[in-house]
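**Q** Input start.txt, format and content: compact mmCIF, C-alpha atoms.
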# COMPACT_ATOMS: atom_id res chain seq x y z
CA MET T 275 -85.94 -146.41 85.59
CA MET T 276 -89.20 -145.69 83.75
CA LYS T 277 -88.82 -144.18 80.30
CA MET T 278 -90.18 -140.65 80.01
CA ILE T 279 -92.80 -140.29 77.25
CA THR T 280 -92.28 -137.07 75.30
CA VAL T 281 -95.41 -135.34 74.00
CA LEU T 282 -94.71 -132.58 71.48
CA CYS T 283 -97.55 -130.04 71.14
CA TYR T 284 -97.12 -128.27 67.81
CA GLY T 285 -99.56 -125.47 67.15
CA ASP T 286 -100.38 -121.79 66.98
CA SER T 287 -101.53 -119.17 69.50
CA ASN T 288 -104.03 -121.51 71.12
CA THR T 289 -101.14 -123.88 71.90
CA TYR T 290 -98.97 -120.95 72.99
CA GLY T 291 -101.75 -119.90 75.34
CA TYR T 292 -102.74 -116.47 74.03
CA ASN T 293 -105.05 -114.72 76.48
CA PRO T 294 -107.81 -112.83 74.60
CA SER T 295 -108.52 -110.58 77.57
CA ASN T 296 -105.13 -108.85 77.53
CA GLY T 297 -103.07 -110.13 74.59
CA PHE T 298 -100.49 -111.73 76.85
CA ARG T 299 -100.01 -115.41 77.75
CA TYR T 300 -101.97 -117.51 80.17
CA PRO T 301 -99.85 -118.91 83.01
CA PRO T 302 -98.62 -122.52 82.71
CA ASP T 303 -101.31 -123.88 85.01
CA VAL T 304 -104.04 -122.40 82.79
CA ARG T 305 -102.72 -123.34 79.35
CA TRP T 306 -103.98 -126.67 78.01
CA THR T 307 -100.41 -127.84 77.64
CA GLY T 308 -99.66 -127.24 81.32
CA ARG T 309 -102.93 -128.83 82.36
CA LEU T 310 -102.18 -131.80 80.13
CA GLN T 311 -98.84 -132.25 81.85
CA ARG T 312 -100.54 -132.47 85.23
CA LEU T 313 -103.21 -134.86 83.97
CA LEU T 314 -100.70 -137.21 82.35
CA GLY T 315 -98.38 -137.24 85.35
CA GLU T 316 -94.70 -137.73 85.99
CA GLY T 317 -94.13 -140.36 83.31
CA TYR T 318 -94.78 -137.80 80.58
CA HIS T 319 -92.89 -134.73 79.39
CA VAL T 320 -95.15 -132.26 77.58
CA VAL T 321 -93.28 -129.91 75.25
CA GLU T 322 -95.00 -126.63 74.36
CA GLU T 323 -94.30 -125.53 70.78
CA GLY T 324 -97.00 -122.97 70.08
CA CYS T 325 -96.35 -119.84 68.01
CA ASN T 326 -98.81 -117.00 67.49
CA GLY T 327 -99.84 -116.78 63.83
CA ARG T 328 -98.28 -120.10 62.78
CA THR T 329 -99.74 -121.53 59.57
CA THR T 330 -99.53 -125.02 58.12
CA VAL T 331 -97.52 -124.40 54.94
CA TYR T 332 -98.22 -120.78 54.03
CA ASP T 333 -95.73 -117.90 54.17
CA ASP T 334 -97.29 -114.96 55.98
CA PRO T 335 -96.63 -111.88 53.80
CA LEU T 336 -95.45 -109.89 56.83
CA GLU T 337 -93.96 -112.61 59.01
CA GLY T 338 -92.88 -115.47 56.77
CA TRP T 339 -91.07 -117.24 59.60
CA LYS T 340 -94.44 -118.37 60.93
CA ASN T 341 -94.75 -121.06 58.26
CA GLY T 342 -95.29 -124.27 60.25
CA ILE T 343 -93.57 -126.62 57.84
CA ASP T 344 -90.29 -124.66 57.92
CA TYR T 345 -89.75 -125.10 61.65
CA LEU T 346 -91.12 -128.62 61.95
CA LYS T 347 -87.94 -130.60 61.25
CA PRO T 348 -85.72 -128.53 63.57
CA CYS T 349 -88.39 -128.83 66.25
CA LEU T 350 -88.69 -132.60 65.94
CA ASN T 351 -84.92 -132.95 65.93
CA SER T 352 -84.51 -130.74 69.01
CA HIS T 353 -86.90 -132.79 71.11
CA LYS T 354 -86.23 -136.32 69.85
CA PRO T 355 -87.03 -138.98 70.72
CA VAL T 356 -90.62 -137.81 70.41
CA ASP T 357 -93.24 -140.41 71.34
CA ILE T 358 -96.44 -138.47 70.68
CA VAL T 359 -97.12 -135.42 68.51
CA ILE T 360 -100.26 -133.36 69.07
CA LEU T 361 -100.73 -131.33 65.90
CA MET T 362 -103.28 -128.50 65.96
CA LEU T 363 -102.84 -126.00 63.14
CA GLY T 364 -105.01 -124.45 60.45
CA SER T 365 -106.86 -121.55 62.04
CA ASN T 366 -104.41 -118.96 60.70
CA ASP T 367 -104.72 -120.44 57.22
CA LEU T 368 -108.26 -119.01 57.26
CA LYS T 369 -106.84 -115.49 57.00
CA GLU T 370 -108.18 -113.73 53.93
CA VAL T 371 -104.69 -113.23 52.47
CA PHE T 372 -104.30 -116.97 51.82
CA HIS T 373 -107.65 -117.60 50.08
CA ALA T 374 -107.50 -121.19 51.32
CA SER T 375 -110.41 -123.61 51.25
CA PRO T 376 -110.89 -126.16 54.06
CA GLU T 377 -109.59 -128.81 51.67
CA ASP T 378 -106.50 -126.71 50.90
CA ILE T 379 -105.82 -126.32 54.60
CA ALA T 380 -106.25 -130.03 55.23
CA ASN T 381 -103.80 -130.71 52.42
CA GLY T 382 -101.33 -128.48 54.23
CA VAL T 383 -101.89 -130.47 57.40
CA ALA T 384 -101.25 -133.65 55.43
CA GLU T 385 -97.88 -132.27 54.35
CA LEU T 386 -96.98 -131.69 58.00
CA VAL T 387 -98.03 -135.22 58.91
CA LYS T 388 -95.88 -136.64 56.12
CA VAL T 389 -92.87 -134.68 57.39
CA ILE T 390 -93.44 -135.96 60.92
CA ARG T 391 -93.67 -139.55 59.76
CA GLU T 392 -90.71 -139.51 57.38
CA PHE T 393 -88.36 -137.35 59.46
CA THR T 394 -88.88 -139.18 62.74
CA GLN T 395 -88.42 -142.55 61.05
CA GLU T 396 -85.08 -141.28 59.72
CA LYS T 397 -83.83 -139.43 62.81
CA GLN T 398 -85.12 -141.50 65.73
CA GLY T 399 -85.92 -144.84 64.13
CA PHE T 400 -89.65 -144.86 64.82
CA ILE T 401 -92.79 -142.86 64.02
CA PRO T 402 -94.55 -141.30 67.02
CA ARG T 403 -98.24 -141.50 67.70
CA ILE T 404 -99.75 -138.53 65.91
CA LEU T 405 -102.87 -137.00 67.41
CA LEU T 406 -104.33 -134.72 64.76
CA VAL T 407 -106.62 -132.06 66.23
CA SER T 408 -108.96 -130.06 64.03
CA PRO T 409 -109.03 -126.53 65.46
CA ALA T 410 -111.99 -124.94 67.19
CA GLU T 411 -114.42 -122.93 65.09
CA ILE T 412 -114.08 -119.23 64.41
CA GLY T 413 -116.72 -117.44 66.48
CA GLU T 414 -119.76 -115.66 65.10
CA GLY T 415 -118.45 -112.36 66.46
CA ILE T 416 -115.37 -112.26 64.25
CA THR T 417 -116.69 -109.11 62.53
CA HIS T 418 -116.29 -107.29 65.87
CA SER T 419 -112.96 -108.90 66.75
CA PRO T 420 -109.66 -107.01 66.97
CA PHE T 421 -108.51 -109.52 64.37
CA TYR T 422 -111.22 -108.62 61.85
CA GLY T 423 -109.49 -107.61 58.65
CA SER T 424 -107.08 -110.52 58.86
CA PHE T 425 -110.09 -112.81 59.21
CA TYR T 426 -113.43 -112.09 57.53
CA ASP T 427 -116.79 -113.62 58.33
CA ASN T 428 -116.28 -116.22 55.60
CA ALA T 429 -113.78 -117.86 57.96
CA ILE T 430 -116.65 -119.03 60.17
CA GLY T 431 -118.17 -121.46 57.69
CA ARG T 432 -114.81 -122.71 56.49
CA SER T 433 -113.71 -123.47 60.05
CA ARG T 434 -116.81 -125.61 60.54
CA GLU T 435 -115.67 -127.88 57.74
CA PHE T 436 -112.35 -128.65 59.42
CA PRO T 437 -113.45 -131.89 61.15
CA LYS T 438 -114.57 -133.53 57.90
CA TRP T 439 -111.33 -132.83 56.09
CA TYR T 440 -108.98 -133.40 59.01
CA ARG T 441 -110.59 -136.75 59.76
CA LYS T 442 -109.83 -137.80 56.18
CA VAL T 443 -106.17 -136.88 56.65
CA ALA T 444 -106.05 -138.80 59.93
CA GLU T 445 -107.52 -141.89 58.30
CA GLU T 446 -105.18 -141.71 55.31
CA TYR T 447 -102.00 -141.35 57.37
CA GLY T 448 -102.81 -143.46 60.41
CA CYS T 449 -103.25 -140.60 62.87
CA GLU T 450 -105.56 -140.46 65.83
CA PHE T 451 -108.16 -137.71 65.53
CA LEU T 452 -109.83 -135.26 67.87
CA ASP T 453 -112.24 -132.45 67.03
CA ALA T 454 -111.46 -129.49 69.30
CA ALA T 455 -114.80 -127.88 68.42
CA GLU T 456 -116.55 -130.61 70.41
CA TYR T 457 -114.87 -129.30 73.56
CA VAL T 458 -113.94 -125.66 73.01
CA GLN T 459 -115.65 -122.51 71.78
CA PRO T 460 -113.58 -119.39 71.21
CA SER T 461 -113.78 -116.46 73.57
CA ARG T 462 -116.45 -113.88 72.80
CA LEU T 463 -113.75 -111.24 73.21
CA ASP T 464 -112.08 -112.01 69.90
CA SER T 465 -113.83 -115.10 68.42
CA LEU T 466 -110.47 -116.82 67.98
CA HIS T 467 -108.75 -117.67 71.22
CA PHE T 468 -109.65 -120.03 74.03
CA THR T 469 -110.94 -119.05 77.42
CA ALA T 470 -109.36 -120.59 80.51
CA GLU T 471 -112.32 -122.98 80.64
CA GLY T 472 -111.67 -123.96 77.03
CA HIS T 473 -108.06 -124.78 77.81
CA ALA T 474 -109.19 -126.99 80.69
CA ALA T 475 -111.74 -128.84 78.56
CA LEU T 476 -109.28 -129.48 75.74
CA ALA T 477 -106.62 -130.73 78.15
CA GLU T 478 -109.03 -133.25 79.61
CA ALA T 479 -110.08 -134.47 76.16
CA LEU T 480 -106.48 -134.86 75.02
CA ALA T 481 -105.42 -136.63 78.21
CA ASP T 482 -108.28 -139.06 77.77
CA ALA T 483 -107.28 -139.68 74.14
CA ILE T 484 -103.66 -140.32 75.10
CA LEU T 485 -104.32 -142.55 78.10
CA HIS T 486 -107.18 -144.66 76.72
Could you write out this structure as structure tokens?

**A**
Amino acid sequence: MMKMITVLCYGDSNTYGYNPSNGFRYPPDVRWTGRLQRLLGEGYHVVEEGCNGRTTVYDDPLEGWKNGIDYLKPCLNSHKPVDIVILMLGSNDLKEVFHASPEDIANGVAELVKVIREFTQEKQGFIPRILLVSPAEIGEGITHSPFYGSFYDNAIGRSREFPKWYRKVAEEYGCEFLDAAEYVQPSRLDSLHFTAEGHAALAEALADAILH
């Protein structure tokens, strides 16, 4: 019997599949995670672990349970053995309340990567492939977004620096790297969340990275 390869997708609302047109969730066949499952085929099990508002290592002042590092170990333990982790976090760290630079955010990502490496080695006896994805850029229309106030226009420039800093983390910790901004632009409706077409493009890029 062929071993099933488990792919854990750990992220925020763009992994959850937040639909900017209505605030609900895209159906499974639209979300990049669901599309990725179809592209990879029956030998893979894609696990969706997206949470709206999730940060890397920051406690949200209103919803502190969205800190990504707090849930990471329970998540890894629940789904072990995990063969591949797709990690795409950092957009919510751009919220004004955190005052985080791109380097600060990348340092938070590095902490997550270290947890993945150390915890999986301890709990399942091997370290999974880690595909580190730098998030898509914040759109130019953020000042007209329903989320303006949490995010200011200074988030745009900081988001554009993500690839440089995330690539450094990937190189330091032996991760594979993908720049989501090369494939996805945020919806013009809110300048944050992916369109259905964006989900499709990211799924194809990730499938290609995993299979080749």

**Q** Which of these, T:Gln395, T:Asn428, T:Ser465, T:Ser375, has the shortest distance to T:Ile416 once you count all atoms listed in the file?

**A**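 Under the stated criterion, the closest residue is T:Ser465.
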
**Q** Nearest residue to T:Lys369 out of T:Asp427, T:Glu414, T:Glu337, T:Glu392, using only C-alpha atoms?

**A**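 So, comparing all the options, the nearest one is T:Asp427.
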
**Q** Counting only C-alpha atoms, note down every residue that has an atom within 10 Å of the point (-106.6, -122.2, 67.1) (file coordinates), as a ChimeraX atom specification.

**A** /T:285-292,326-328,362-366,407-412,454,460,466-468

**Q** I'd like to know which of T:Phe421, T:Tyr440, T:Phe298, T:Tyr447 is closest to T:Asp464, using all atoms listed in the file.

**A**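 That would be T:Phe421, the residue with the smallest distance to T:Asp464.
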
**Q** Which neighbours of T:Pro376 fall inside 10 Å, counting all atoms listed in the file, when residues of the same chain fewer than 5 positions from it are skipped, and could you give them as a ChimeraX atom specification?

**A** /T:364,367-368,381-382,429,431-440

**Q** Kindly export the residues of the current selection with C-alpha atoms, as a PDB file, in the frame of the given file.

**A**
ATOM      1  CA  GLY T 364    -105.010-124.450  60.450  1.00  0.00           C
ATOM      2  CA  ASP T 367    -104.720-120.440  57.220  1.00  0.00           C
ATOM      3  CA  LEU T 368    -108.260-119.010  57.260  1.00  0.00           C
ATOM      4  CA  ASN T 381    -103.800-130.710  52.420  1.00  0.00           C
ATOM      5  CA  GLY T 382    -101.330-128.480  54.230  1.00  0.00           C
ATOM      6  CA  ALA T 429    -113.780-117.860  57.960  1.00  0.00           C
ATOM      7  CA  GLY T 431    -118.170-121.460  57.690  1.00  0.00           C
ATOM      8  CA  ARG T 432    -114.810-122.710  56.490  1.00  0.00           C
ATOM      9  CA  SER T 433    -113.710-123.470  60.050  1.00  0.00           C
ATOM     10  CA  ARG T 434    -116.810-125.610  60.540  1.00  0.00           C
ATOM     11  CA  GLU T 435    -115.670-127.880  57.740  1.00  0.00           C
ATOM     12  CA  PHE T 436    -112.350-128.650  59.420  1.00  0.00           C
ATOM     13  CA  PRO T 437    -113.450-131.890  61.150  1.00  0.00           C
ATOM     14  CA  LYS T 438    -114.570-133.530  57.900  1.00  0.00           C
ATOM     15  CA  TRP T 439    -111.330-132.830  56.090  1.00  0.00           C
ATOM     16  CA  TYR T 440    -108.980-133.400  59.010  1.00  0.00           C
TER      17      TYR T 440
END

**Q** Need the shell around T:Met276: protein/DNA/RNA residues with any atom at most 10 Å away, counting all atoms listed in the file. Skip same-chain ones fewer than 2 positions apart. Format as number ranges by chain?

**A** T: 278-279, 316-317

**Q** Could the residues in this selection be written to a file with C-alpha atoms, as an mmCIF file, in the coordinates of the input?

**A**
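Done, and the output landed in selection_34.cif:
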data_model
loop_
_atom_site.group_PDB
_atom_site.id
_atom_site.type_symbol
_atom_site.label_atom_id
_atom_site.label_comp_id
_atom_site.auth_asym_id
_atom_site.auth_seq_id
_atom_site.Cartn_x
_atom_site.Cartn_y
_atom_site.Cartn_z
ATOM 1 C CA MET T 278 -90.180 -140.650 80.010
ATOM 2 C CA ILE T 279 -92.800 -140.290 77.250
ATOM 3 C CA GLU T 316 -94.700 -137.730 85.990
ATOM 4 C CA GLY T 317 -94.130 -140.360 83.310
#

**Q** Return as lines of an AutoDock Vina configuration file the centre and edge lengths, in Å with one decimal, of the box along x, y and z that encloses every atom of stretch 330-336 of chain T in the file, padded by 3 Å per side.

**A**
center_x = -97.5
center_y = -117.5
center_z = 56.0
size_x = 10.1
size_y = 21.1
size_z = 10.3

**Q** Looking at T:Phe400, T:Tyr300, T:Tyr426, T:Phe393, which one is nearest to T:Ala474, with distances taken over all atoms listed in the file?

**A** T:Tyr300

**Q** Quick check, in Å to one decimal: how far apart do atom CA of T:Lys388 and atom CA of T:Ala475 lie?

**A**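 The value is 28.6 Å.
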
**Q** Please indicate the distance in Å from atom CA of T:Val443 to atom CA of T:Leu386, rounded to one decimal place.

**A**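 Interatomic distance, atom CA of T:Val443 to atom CA of T:Leu386: 10.6 Å.
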
**Q** How many Å lie between atom CA of T:Gly415 and atom CA of T:Val371, rounded to one decimal?

**A**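 That distance, rounded to one decimal, is 19.6 Å.
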
**Q** So that I can check the surroundings of T:Glu471, please list as a PyMOL selection string every protein, DNA and RNA residue that reaches within 10 Å of it, counting all atoms listed in the file and ignoring chain neighbours fewer than 5 positions away.

**A** chain T and resi 304-306+457-459+461+476-477

**Q** Just want the 10 Å neighbourhood of T:Leu314, counted on all atoms listed in the file, with same-chain residues fewer than 3 positions away dropped. Output as a PyMOL selection string.

**A** chain T and resi 279+309-311+317-320+477-478+480-482+484-485

**Q** In terms of the shortest atom-to-atom distance over only C-alpha atoms, which of T:Leu336, T:Val387, T:Leu405, T:Ala374 is closest to T:Cys283?

**A** T:Leu405

**Q** Using all atoms listed in the file, find the one residue out of T:Asp453, T:Asp344, T:Asp303, T:Glu446 that sits nearest to T:Ala384.

**A**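 Among the listed residues, T:Glu446 lies closest to T:Ala384.
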
**Q** Skipping near chain neighbours, those fewer than 4 positions away, what residues fall within 8 Å of T:Glu385 using all atoms listed in the file, listed as a VMD selection string?

**A** chain T and resid 331 343 381 389
